[in-house]
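As provided, input.txt (compact mmCIF, C-alpha atoms) reads as follows.
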# COMPACT_ATOMS: atom_id res chain seq x y z
CA MET K 151 0.44 -1.21 20.23
CA LEU K 152 -1.99 1.53 19.35
CA ARG K 153 -4.30 2.99 21.98
CA VAL K 154 -6.96 5.47 20.92
CA ASP K 155 -9.50 7.16 23.17
CA VAL K 156 -10.80 10.34 21.57
CA GLU K 157 -13.78 12.63 21.24
CA LYS K 158 -14.36 15.13 18.50
CA GLN K 159 -17.28 17.32 17.52
CA LEU K 160 -17.45 18.01 13.76
CA GLY K 161 -20.45 20.20 13.10
CA GLU K 162 -23.52 18.07 13.85
CA PHE K 163 -21.48 14.89 13.93
CA SER K 164 -19.97 13.69 17.17
CA LEU K 165 -17.22 11.10 17.25
CA ALA K 166 -16.33 9.25 20.44
CA ALA K 167 -14.15 6.22 19.89
CA SER K 168 -12.00 4.12 22.12
CA PHE K 169 -10.05 1.00 21.22
CA THR K 170 -6.71 -0.70 21.69
CA SER K 171 -5.14 -2.79 18.97
CA GLU K 172 -2.16 -5.05 18.89
CA GLY K 173 -2.90 -6.81 15.66
CA ARG K 174 -0.79 -6.56 12.55
CA VAL K 175 -3.71 -5.15 10.59
CA THR K 176 -6.50 -3.40 12.43
CA GLY K 177 -9.51 -3.11 10.17
CA LEU K 178 -11.58 -0.01 10.72
CA PHE K 179 -14.97 -0.97 9.39
CA GLY K 180 -18.12 1.08 8.92
CA ALA K 181 -20.46 2.70 6.44
CA SER K 182 -19.49 6.02 4.91
CA GLY K 183 -20.13 8.79 7.41
CA ALA K 184 -19.38 6.51 10.36
CA GLY K 185 -16.32 8.59 11.23
CA LYS K 186 -13.58 6.29 9.91
CA SER K 187 -11.63 8.95 8.05
CA SER K 188 -11.89 11.47 10.89
CA LEU K 189 -10.56 8.84 13.28
CA VAL K 190 -7.65 8.01 10.99
CA ASN K 191 -6.91 11.71 10.47
CA MET K 192 -6.69 12.09 14.25
CA ILE K 193 -4.22 9.22 14.49
CA ALA K 194 -2.18 10.91 11.73
CA GLY K 195 -2.33 14.22 13.60
CA LEU K 196 -4.11 16.03 10.76
CA LEU K 197 -7.11 16.51 13.03
CA ARG K 198 -6.82 17.41 16.68
CA PRO K 199 -9.18 15.63 19.08
CA ASP K 200 -11.29 17.80 21.40
CA ARG K 201 -10.59 15.42 24.21
CA GLY K 202 -8.67 12.22 24.75
CA THR K 203 -5.40 10.43 24.14
CA ILE K 204 -3.60 8.66 21.32
CA VAL K 205 -0.64 6.50 22.25
CA ILE K 206 1.62 4.35 20.08
CA ASP K 207 4.01 1.89 21.70
CA GLY K 208 3.99 3.94 24.91
CA ASP K 209 4.69 7.14 23.00
CA VAL K 210 1.98 9.72 23.71
CA LEU K 211 0.98 11.60 20.52
CA ASP K 212 -2.14 13.32 21.81
CA ASP K 213 -3.17 14.09 25.36
CA SER K 214 -5.77 16.83 25.62
CA ALA K 215 -5.51 16.96 29.43
CA ALA K 216 -1.79 17.77 29.16
CA GLY K 217 -2.34 20.02 26.13
CA LEU K 218 -0.12 17.72 24.09
CA HIS K 219 -0.46 17.38 20.33
CA VAL K 220 2.53 16.06 18.39
CA PRO K 221 2.45 17.60 14.88
CA THR K 222 1.88 15.25 11.94
CA TRP K 223 5.41 15.57 10.58
CA ARG K 224 6.95 14.35 13.84
CA ARG K 225 4.69 11.32 14.27
CA ARG K 226 6.36 8.94 11.82
CA ILE K 227 3.01 7.53 10.82
CA GLY K 228 2.67 6.65 7.14
CA TYR K 229 -0.60 7.44 5.39
CA VAL K 230 -1.92 6.01 2.12
CA PHE K 231 -4.86 8.09 0.92
CA GLN K 232 -7.72 6.93 -1.23
CA ASP K 233 -6.60 9.40 -3.91
CA ALA K 234 -2.86 8.51 -3.70
CA ARG K 235 -1.82 12.19 -3.54
CA LEU K 236 1.48 11.70 -5.33
CA PHE K 237 3.42 14.92 -5.89
CA PRO K 238 2.68 15.86 -9.50
CA HIS K 239 5.92 17.81 -9.99
CA LEU K 240 8.11 14.86 -8.99
CA ASN K 241 8.64 11.60 -10.86
CA VAL K 242 8.02 8.22 -9.24
CA ALA K 243 11.59 7.80 -7.99
CA GLN K 244 11.54 11.25 -6.39
CA ASN K 245 8.13 10.61 -4.85
CA LEU K 246 9.45 7.38 -3.35
CA ASP K 247 12.52 9.13 -1.95
CA TYR K 248 10.60 12.09 -0.46
CA GLY K 249 9.99 10.67 3.03
CA ARG K 250 13.57 9.52 3.41
CA ARG K 251 14.83 13.00 2.50
CA MET K 252 12.43 14.79 4.82
CA ASN K 253 13.31 12.53 7.75
CA ARG K 254 17.02 12.77 6.92
CA LEU K 255 17.33 8.99 6.88
CA ALA K 256 20.39 7.32 5.42
CA ASP K 257 19.86 5.91 1.95
CA ASP K 258 19.21 2.19 2.16
CA ALA K 259 19.40 0.78 -1.36
CA ALA K 260 18.55 -2.76 -0.24
CA GLN K 261 15.41 -1.63 1.55
CA ARG K 262 14.37 0.48 -1.44
CA ARG K 263 14.87 -2.41 -3.85
CA ARG K 264 12.93 -4.76 -1.57
CA ILE K 265 9.89 -2.46 -1.48
CA VAL K 266 10.12 -1.56 -5.17
CA ASP K 267 10.19 -5.28 -6.01
CA LEU K 268 7.43 -6.08 -3.56
CA LEU K 269 5.16 -3.56 -5.27
CA ASP K 270 6.43 -4.12 -8.83
CA ILE K 271 7.06 -0.44 -9.48
CA GLY K 272 10.64 -0.71 -10.76
CA ALA K 273 9.62 0.03 -14.36
CA LEU K 274 7.78 3.23 -13.42
CA GLN K 275 10.67 5.12 -11.79
CA ASP K 276 11.08 7.88 -14.40
CA ARG K 277 7.39 8.55 -14.94
CA ARG K 278 5.33 11.45 -13.66
CA PRO K 279 2.20 10.60 -11.62
CA GLY K 280 0.02 12.03 -14.43
CA LYS K 281 1.21 9.17 -16.67
CA LEU K 282 0.28 6.37 -14.25
CA SER K 283 -2.87 4.28 -14.05
CA GLY K 284 -4.95 4.40 -10.86
CA GLY K 285 -3.57 1.08 -9.65
CA GLU K 286 0.03 2.07 -10.37
CA ARG K 287 -0.47 5.34 -8.53
CA GLN K 288 -1.76 3.52 -5.48
CA ARG K 289 1.20 1.11 -5.48
CA VAL K 290 3.63 4.03 -5.68
CA ALA K 291 1.77 5.74 -2.81
CA LEU K 292 2.18 2.55 -0.76
CA GLY K 293 5.90 2.47 -1.54
CA ARG K 294 6.31 6.15 -0.74
CA ALA K 295 4.67 5.73 2.67
CA LEU K 296 6.68 2.59 3.50
CA LEU K 297 10.02 4.13 2.49
CA SER K 298 9.58 6.91 5.05
CA ARG K 299 9.97 4.02 7.54
CA PRO K 300 6.83 4.64 9.58
CA ARG K 301 6.08 2.88 12.84
CA LEU K 302 2.44 2.59 11.77
CA LEU K 303 0.82 2.67 8.36
CA LEU K 304 -2.65 4.13 7.89
CA LEU K 305 -4.56 3.09 4.78
CA ASP K 306 -7.78 5.01 4.16
CA GLU K 307 -9.84 3.00 1.63
CA PRO K 308 -6.78 2.59 -0.61
CA LEU K 309 -8.86 0.59 -3.10
CA GLY K 310 -11.88 2.87 -2.88
CA ALA K 311 -11.15 4.81 -6.06
CA LEU K 312 -10.40 1.70 -8.15
CA ASP K 313 -12.74 -0.47 -10.21
CA GLU K 314 -13.20 -4.19 -9.43
CA GLY K 315 -10.46 -5.32 -11.79
CA ARG K 316 -7.90 -2.94 -10.34
CA LYS K 317 -8.88 -3.89 -6.80
CA LEU K 318 -8.06 -7.51 -7.52
CA GLU K 319 -4.76 -6.33 -8.98
CA ILE K 320 -3.74 -4.43 -5.79
CA LEU K 321 -5.11 -6.79 -3.13
CA PRO K 322 -2.30 -9.38 -3.44
CA TYR K 323 0.27 -6.60 -2.90
CA LEU K 324 -1.49 -5.59 0.30
CA VAL K 325 -1.46 -9.19 1.53
CA ARG K 326 2.26 -9.40 0.77
CA LEU K 327 2.81 -6.13 2.55
CA ARG K 328 1.02 -7.39 5.63
CA ASP K 329 3.13 -10.55 5.68
CA GLU K 330 6.51 -9.11 4.71
CA ALA K 331 6.75 -5.37 5.41
CA ASN K 332 6.72 -5.71 9.19
CA VAL K 333 4.78 -2.49 9.80
CA PRO K 334 1.54 -2.55 11.76
CA MET K 335 -1.37 -1.16 9.77
CA VAL K 336 -4.73 0.44 10.31
CA TYR K 337 -6.86 -0.40 7.28
CA VAL K 338 -10.04 1.60 6.69
CA SER K 339 -12.74 0.04 4.55
CA HIS K 340 -16.46 -0.44 4.15
CA ASP K 341 -15.85 -3.63 2.18
CA VAL K 342 -16.34 -6.83 4.21
CA ALA K 343 -14.55 -9.07 1.70
CA GLU K 344 -11.50 -6.83 1.64
CA LEU K 345 -11.20 -6.78 5.42
CA ARG K 346 -11.72 -10.56 5.69
CA GLN K 347 -8.68 -11.02 3.49
CA LEU K 348 -6.46 -8.47 5.18
CA ALA K 349 -7.40 -7.65 8.74
CA THR K 350 -6.32 -9.52 11.84
CA GLN K 351 -8.59 -7.48 14.08
CA ILE K 352 -11.71 -5.42 13.51
CA VAL K 353 -12.96 -2.16 15.00
CA MET K 354 -16.52 -1.56 13.86
CA LEU K 355 -17.75 2.03 13.77
CA LYS K 356 -21.33 3.21 13.54
CA GLN K 357 -22.34 6.88 13.68
CA GLY K 358 -19.18 7.90 15.45
CA ARG K 359 -19.19 5.11 18.05
CA VAL K 360 -17.30 1.81 18.32
CA VAL K 361 -20.08 -0.77 18.27
CA SER K 362 -18.02 -3.91 18.07
CA PHE K 363 -14.43 -5.01 18.46
CA GLY K 364 -12.63 -8.30 18.01
CA GLY K 365 -11.48 -10.84 15.44
CA VAL K 366 -12.56 -10.95 11.81
CA LYS K 367 -15.62 -12.93 12.80
CA VAL K 368 -17.37 -9.79 14.12
CA LEU K 369 -17.89 -8.87 10.47
CA THR K 370 -20.67 -11.42 10.02
CA MET T 430 13.15 55.20 -39.15
CA SER T 431 16.83 55.52 -38.26
CA GLU T 432 18.83 53.74 -35.60
CA ILE T 433 18.44 54.04 -31.86
CA SER T 434 20.67 56.85 -30.55
CA PRO T 435 23.02 56.58 -27.52
CA ALA T 436 20.68 58.78 -25.47
CA GLU T 437 17.79 56.46 -26.25
CA TRP T 438 19.89 53.46 -25.37
CA THR T 439 20.64 55.08 -22.01
CA ALA T 440 16.91 55.38 -21.33
CA ILE T 441 16.22 51.80 -22.47
CA LEU T 442 19.03 50.33 -20.35
CA LEU T 443 18.01 52.41 -17.35
CA SER T 444 14.42 51.21 -17.72
CA LEU T 445 15.61 47.61 -17.86
CA ARG T 446 17.84 48.05 -14.81
CA VAL T 447 15.07 49.76 -12.83
CA ALA T 448 12.50 47.12 -13.77
CA VAL T 449 14.82 44.15 -13.09
CA ILE T 450 15.84 45.45 -9.66
CA ALA T 451 12.24 46.39 -8.79
CA THR T 452 11.01 42.92 -9.77
CA LEU T 453 13.79 41.00 -8.00
CA VAL T 454 13.40 42.94 -4.76
CA ALA T 455 9.59 42.77 -4.86
CA THR T 456 9.43 39.02 -5.56
CA PRO T 457 10.21 37.62 -2.08
CA PHE T 458 7.76 40.10 -0.53
CA GLY T 459 5.25 39.19 -3.23
CA ILE T 460 5.54 35.45 -2.54
CA ALA T 461 5.22 35.96 1.22
CA LEU T 462 2.18 38.20 0.80
CA ALA T 463 0.58 35.91 -1.79
CA TRP T 464 0.95 32.97 0.60
CA LEU T 465 -0.46 35.00 3.48
CA LEU T 466 -3.49 36.11 1.47
CA ALA T 467 -4.06 32.65 -0.02
CA ARG T 468 -3.58 30.55 3.08
CA ARG T 469 -4.12 32.51 6.27
CA ASP T 470 -7.11 34.12 7.85
CA PHE T 471 -6.26 37.01 10.12
CA TRP T 472 -7.69 40.22 11.40
CA GLY T 473 -7.33 43.03 8.84
CA LYS T 474 -6.81 40.70 5.89
CA SER T 475 -9.25 42.59 3.64
CA VAL T 476 -7.57 45.88 4.57
CA LEU T 477 -4.16 44.45 3.65
CA ASP T 478 -5.60 43.11 0.40
CA ALA T 479 -7.04 46.54 -0.43
CA LEU T 480 -3.76 48.22 0.47
CA VAL T 481 -1.85 45.99 -1.95
CA HIS T 482 -4.26 46.88 -4.74
CA LEU T 483 -4.29 50.58 -3.95
CA PRO T 484 -1.53 51.59 -6.44
CA LEU T 485 -3.68 50.03 -9.18
CA VAL T 486 -6.56 52.46 -8.65
CA LEU T 487 -4.90 55.49 -7.08
CA PRO T 488 -3.77 58.26 -9.47
CA PRO T 489 -0.05 57.46 -10.02
CA VAL T 490 0.80 61.07 -9.18
CA VAL T 491 -0.68 60.50 -5.72
CA THR T 492 1.40 57.36 -5.19
CA GLY T 493 4.48 59.25 -6.36
CA TYR T 494 3.75 62.15 -4.04
CA LEU T 495 3.20 59.79 -1.08
CA LEU T 496 6.51 58.10 -1.89
CA LEU T 497 8.19 61.52 -1.96
CA LEU T 498 6.72 62.36 1.45
CA THR T 499 7.74 59.01 2.93
CA PHE T 500 10.97 58.13 1.16
CA GLY T 501 12.25 61.59 0.24
CA ARG T 502 15.31 63.01 2.03
CA ARG T 503 13.14 64.60 4.67
CA GLY T 504 10.60 61.79 4.72
CA LEU T 505 10.23 59.62 7.78
CA VAL T 506 11.58 56.43 6.21
CA GLY T 507 13.78 58.13 3.61
CA GLY T 508 15.65 60.19 6.21
CA PHE T 509 16.18 57.15 8.40
CA LEU T 510 17.47 54.99 5.52
CA ALA T 511 19.80 57.75 4.31
CA ASP T 512 21.27 58.30 7.80
CA THR T 513 21.67 54.67 8.81
CA LEU T 514 22.24 52.66 5.63
CA GLY T 515 23.19 55.41 3.21
CA ILE T 516 20.39 54.41 0.85
CA VAL T 517 19.02 57.46 -0.93
CA PHE T 518 15.91 57.30 -3.09
CA SER T 519 15.07 60.84 -4.07
CA PHE T 520 16.18 61.81 -7.59
CA ARG T 521 18.13 58.56 -7.96
CA TRP T 522 17.50 55.51 -10.11
CA THR T 523 16.94 53.56 -6.86
CA GLY T 524 13.91 55.80 -6.26
CA ALA T 525 12.66 54.97 -9.74
CA ALA T 526 13.02 51.27 -8.87
CA LEU T 527 11.09 51.81 -5.63
CA ALA T 528 8.28 53.64 -7.45
CA CYS T 529 8.12 50.94 -10.14
CA GLY T 530 8.18 48.19 -7.50
CA VAL T 531 5.25 49.72 -5.61
CA MET T 532 3.24 50.40 -8.75
CA SER T 533 3.76 46.90 -10.18
CA PHE T 534 3.25 45.08 -6.87
CA PRO T 535 -0.48 44.32 -7.32
CA LEU T 536 0.18 42.75 -10.72
CA LEU T 537 3.12 40.80 -9.36
CA VAL T 538 1.20 39.38 -6.38
CA ARG T 539 -1.99 38.37 -8.15
CA PRO T 540 -0.77 35.42 -10.28
CA MET T 541 1.31 34.20 -7.34
CA ARG T 542 -1.71 34.23 -5.08
CA LEU T 543 -3.92 32.49 -7.64
CA SER T 544 -1.37 29.74 -8.21
CA ILE T 545 -0.97 29.12 -4.47
CA GLU T 546 -4.76 29.01 -4.07
CA ALA T 547 -4.98 26.46 -6.89
CA ILE T 548 -2.68 23.99 -5.13
CA ASP T 549 -4.44 20.99 -3.63
CA ARG T 550 -3.83 21.34 0.10
CA ARG T 551 -4.15 17.60 0.49
CA LEU T 552 -0.76 17.30 -1.21
CA GLU T 553 0.69 19.39 1.58
CA GLN T 554 -0.96 17.12 4.13
CA ALA T 555 0.58 14.12 2.38
CA ALA T 556 3.99 15.80 2.65
CA GLU T 557 3.45 16.30 6.37
CA THR T 558 2.62 12.62 6.90
CA LEU T 559 5.93 11.85 5.18
CA GLY T 560 7.80 13.85 7.82
CA ALA T 561 8.08 17.29 6.22
CA ALA T 562 7.98 20.23 8.65
CA PRO T 563 5.81 23.18 7.52
CA PHE T 564 8.69 25.22 6.05
CA LYS T 565 9.92 22.14 4.18
CA VAL T 566 6.41 21.56 2.85
CA PHE T 567 6.47 25.11 1.55
CA PHE T 568 9.81 24.78 -0.22
CA THR T 569 9.38 21.22 -1.56
CA VAL T 570 5.69 21.17 -2.47
CA THR T 571 3.96 24.58 -2.36
CA LEU T 572 6.62 26.71 -4.02
CA PRO T 573 7.57 24.25 -6.80
CA LEU T 574 3.91 23.79 -7.70
CA ALA T 575 3.35 27.56 -7.62
CA LEU T 576 6.53 28.28 -9.57
CA PRO T 577 4.91 28.96 -12.96
CA GLY T 578 2.54 31.40 -11.23
CA VAL T 579 5.45 33.01 -9.42
CA LEU T 580 7.28 33.47 -12.72
CA ALA T 581 4.13 34.78 -14.42
CA GLY T 582 3.78 37.34 -11.62
CA MET T 583 7.40 38.38 -12.04
CA VAL T 584 6.97 38.80 -15.80
CA LEU T 585 3.79 40.87 -15.41
CA GLY T 586 5.35 42.97 -12.66
CA PHE T 587 8.40 43.51 -14.83
CA ALA T 588 6.27 44.62 -17.78
CA LYS T 589 4.36 47.05 -15.59
CA ALA T 590 7.58 48.35 -14.01
CA ILE T 591 9.15 49.03 -17.40
CA GLY T 592 6.17 51.12 -18.47
CA GLU T 593 5.62 53.00 -15.21
CA PHE T 594 5.51 56.76 -15.63
CA GLY T 595 3.36 58.86 -13.28
CA ALA T 596 4.65 57.80 -9.88
CA THR T 597 8.26 57.69 -11.10
CA ILE T 598 8.33 61.17 -12.59
CA THR T 599 6.57 62.61 -9.51
CA PHE T 600 8.94 60.96 -7.07
CA VAL T 601 12.33 61.14 -8.81
CA SER T 602 11.73 63.59 -11.68
CA ASN T 603 13.09 63.11 -15.20
CA ILE T 604 16.90 63.31 -15.15
CA PRO T 605 18.63 61.86 -18.24
CA GLY T 606 21.00 59.06 -17.26
CA GLU T 607 19.72 58.85 -13.68
CA THR T 608 15.91 58.67 -13.60
CA GLN T 609 14.86 59.11 -17.21
CA THR T 610 13.23 55.81 -18.16
CA ILE T 611 11.71 54.97 -21.55
CA SER T 612 8.38 56.49 -20.52
CA SER T 613 9.82 59.77 -19.26
CA ALA T 614 12.09 59.96 -22.31
CA ILE T 615 9.07 59.61 -24.60
CA TYR T 616 7.27 62.26 -22.57
CA SER T 617 10.21 64.67 -23.02
CA LEU T 618 10.64 63.85 -26.71
CA ILE T 619 7.06 64.52 -27.71
CA GLN T 620 7.33 67.97 -26.17
CA THR T 621 10.49 68.70 -28.16
CA PRO T 622 10.36 69.88 -31.78
CA ASP T 623 11.70 67.11 -34.09
CA GLY T 624 11.42 64.58 -31.30
CA ASP T 625 8.83 62.47 -33.13
CA ALA T 626 11.21 59.97 -34.76
CA ALA T 627 13.03 59.25 -31.50
CA ALA T 628 9.76 59.01 -29.61
CA GLY T 629 8.47 56.61 -32.28
CA ARG T 630 11.48 54.33 -31.85
CA LEU T 631 11.00 54.21 -28.07
CA VAL T 632 7.29 53.57 -28.52
CA ILE T 633 8.13 50.52 -30.65
CA VAL T 634 10.60 49.30 -28.01
CA SER T 635 7.87 49.65 -25.33
CA ILE T 636 5.36 47.72 -27.38
CA VAL T 637 7.84 44.91 -28.07
CA LEU T 638 8.79 44.62 -24.39
CA ALA T 639 5.16 44.68 -23.20
CA LEU T 640 4.00 42.13 -25.78
CA GLY T 641 6.94 39.85 -25.03
CA ALA T 642 6.12 39.97 -21.32
CA LEU T 643 2.44 39.19 -21.87
CA ILE T 644 3.27 36.22 -24.09
CA ALA T 645 5.78 34.95 -21.52
CA ALA T 646 3.23 35.32 -18.69
CA GLU T 647 0.64 33.39 -20.70
CA TRP T 648 3.16 30.62 -21.41
CA PHE T 649 4.02 30.30 -17.71
CA ALA T 650 0.33 30.15 -16.81
CA ARG T 651 -0.15 27.24 -19.20
CA ARG T 652 2.89 25.48 -17.74
CA ALA T 653 1.33 25.89 -14.29
CA THR T 654 -1.79 24.05 -15.35
CA ALA T 655 0.20 21.21 -16.89
CA ARG T 656 2.31 20.94 -13.75
CA LEU T 657 -0.69 20.65 -11.46
CA HIS T 658 -2.02 17.83 -13.59
CA GLY T 659 1.25 15.95 -13.35
CA ASN T 660 2.14 15.73 -17.02
Represent the structure from my file as structure tokens, please.
Amino acid sequence: MLRVDVEKQLGEFSLAASFTSEGRVTGLFGASGAGKSSLVNMIAGLLRPDRGTIVIDGDVLDDSAAGLHVPTWRRRIGYVFQDARLFPHLNVAQNLDYGRRMNRLADDAAQRRRIVDLLDIGALQDRRPGKLSGGERQRVALGRALLSRPRLLLLDEPLGALDEGRKLEILPYLVRLRDEANVPMVYVSHDVAELRQLATQIVMLKQGRVVSFGGVKVLT
Amino acid sequence: MSEISPAEWTAILLSLRVAVIATLVATPFGIALAWLLARRDFWGKSVLDALVHLPLVLPPVVTGYLLLLTFGRRGLVGGFLADTLGIVFSFRWTGAALACGVMSFPLLVRPMRLSIEAIDRRLEQAAETLGAAPFKVFFTVTLPLALPGVLAGMVLGFAKAIGEFGATITFVSNIPGETQTISSAIYSLIQTPDGDAAAGRLVIVSIVLALGALIAAEWFARRATARLHGN
């Protein structure tokens, strides 16, 4: 369960959002500039809220009143960025293994094979990110985040940088992930169709405020 | 032109030793400073930046004289180091290495700083979300991506160190076999009758070393660009 209740002033823009989600995929919906990315960055710990709390499964990650802010690298929250952000000096296999190494997790070949198969990235292992297509890069980024064994996966418009054709190529993988990977997700998008397919719960943001919350039907 | 004489070899090898040691010792400091200047904002940053570049614009004889005052036997730091660690700089090859290290430092730091500034910080954020603590981010993402720039800085610093003259001769004089580098040997030779041929040979050696270093630095810079684009 994810509980967020935060306030943050970013220049002229003020963000004040509060929601609790228990769904498998929480869709964070809103136009660009609604504060979706800032909110997700706060959950990841990349941005520190001015005031408020962030709690995952009873584990407090931010509590401004207590002066608590768990650093990003200790949160165990996976993050798939719109621009993939694969490490250019490492090949695909090394990118995939990075989170496991950093968290000093034991190597789990079965788990790795399951995720590599799920995302169809087995043939790409030796390639550098510069030699991948946009869709391939995004699948590897998904695998990399999942293999660090996060307790929550944040996806910030993971299809945003792809054209229509590529989007349709990745979407089925995301559906499979939702049904098989067993990691709760927060999925940021401004695309209604995408969220209808993926989300189990919607948080609707408008100008830094939560204006609506509930099942997928709030999207209409 | 005849062959290189043993005395000339002594100067060449001493120059190489001085420049290699100066570069190797300066590199960790250079990386730390480059990172600090590229990534941190702190009070006095512009003063520190100016201080690093000072040897580039100060007359070398001034730098050499300041080194003598500070690191000489009776200098504040020099006396302390000699008494406690037994490290003596004045009129030793170690002093030549110190002078070369200080003089080449601005050239060594600059490519390192530029390559760290060119790294996409969002990659470092991605590393953090994957569980990498800040020092691990530095060693697994920042440093590997900056590596070609680090090497380019080392090559440039090395080239500068091998050619250094003014500060070295002021600080540690011109003692054959101890502090007489290629530059000071050339300086002595052109003041000696019949020294022209020997000076000419050392001049050619200097040109070859400097050109080689510049080509190497350029090659590393190109590698850096390719690396950042993930090819």
In Å, with one decimal, what is the gap from atom CA of T:Arg630 to atom CA of T:Ile615?
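If I compute the distance from atom CA of T:Arg630 to atom CA of T:Ile615, I get 9.3 Å.
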Mind listing as a ChimeraX atom specification all residues within 9 Å of (1.5, 56.5, -9.8), counting all atoms listed in the file?
/T:484-485,487-494,528-529,531-532,593-599
Atom CA of K:Val190 to atom CA of K:Ala349, distance in Å rounded to a single decimal:
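Calculated distance between atom CA of K:Val190 and atom CA of K:Ala349 is 15.8 Å.
What chain K places within 6 Å of chain T, counting only C-alpha atoms, is Thr222, Trp223, Gly228, Arg235, Pro238, Gly249, Met252, Asn253, Pro279 and Gly280 of chain K.
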Can you tell me, as number ranges by chain, what residues are no more than 12 Å from K:Glu319 when counting all atoms listed in the file, ignoring any on the same chain fewer than 2 positions away?
K: 269-270, 283-286, 288-289, 309, 312-317, 321-325
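You will find atom CA of K:Ala295 at 9.8 Å from atom CA of K:Arg226.
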Near-T:Thr456 list (12 Å; all atoms listed in the file; drop same-chain fewer than 6 positions) as a ChimeraX atom specification
/T:448-450,462-463,530-531,533-541,576,578-587
Quick one: residues within 8 Å of stretch 195-210 of chain K, only C-alpha atoms, excluding same-chain residues fewer than 6 positions away - as a compact mmCIF listing (two decimals) with C-alpha atoms, in the coordinates of the input?
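Result written to around13.txt:
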# COMPACT_ATOMS: atom_id res chain seq x y z
CA MET K 151 0.44 -1.21 20.23
CA LEU K 152 -1.99 1.53 19.35
CA ARG K 153 -4.30 2.99 21.98
CA VAL K 154 -6.96 5.47 20.92
CA ASP K 155 -9.50 7.16 23.17
CA VAL K 156 -10.80 10.34 21.57
CA GLU K 157 -13.78 12.63 21.24
CA LYS K 158 -14.36 15.13 18.50
CA GLN K 159 -17.28 17.32 17.52
CA SER K 188 -11.89 11.47 10.89
CA HIS K 219 -0.46 17.38 20.33
CA VAL K 220 2.53 16.06 18.39
CA PRO K 221 2.45 17.60 14.88
CA THR K 222 1.88 15.25 11.94
CA ARG K 225 4.69 11.32 14.27
CA GLN T 554 -0.96 17.12 4.13
Within 8 Å of (0.9, -2.1, 10.6) in the file's own coordinates, which protein, DNA or RNA residues have an atom, counting all atoms listed in the file? List them as a PyMOL selection string.
chain K and resi 173-176+301-304+328+332-336
Residues within 10 Å of T:Thr439, please, as a list in words. Count only C-alpha atoms; anything in the same chain fewer than 6 positions from it doesn't count.
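Contacts, with the query itself left out: Leu445, Pro605, Gly606, Glu607, Gln609, Thr610, Ile611 and Ala614 of chain T.
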With only C-alpha atoms as the atoms that count, which of T:Leu495, T:Ala650, T:Ile441, T:Val481 lies nearest to T:Thr608?
T:Ile441
Within 7 Å of K:Asp276, counting only C-alpha atoms, which residues show up once you throw out same-chain ones fewer than 4 positions away? Write them as a list in words, please.
Asn241, Val242 and Ala243 of chain K
Which residue is closest to T:Phe500? Choose from T:Val476, T:Val632, T:Val601, T:Ala588 and count only C-alpha atoms.
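Checking each of T:Val476, T:Val632, T:Val601, T:Ala588 against T:Phe500, counting only C-alpha atoms, the winner is T:Val601.
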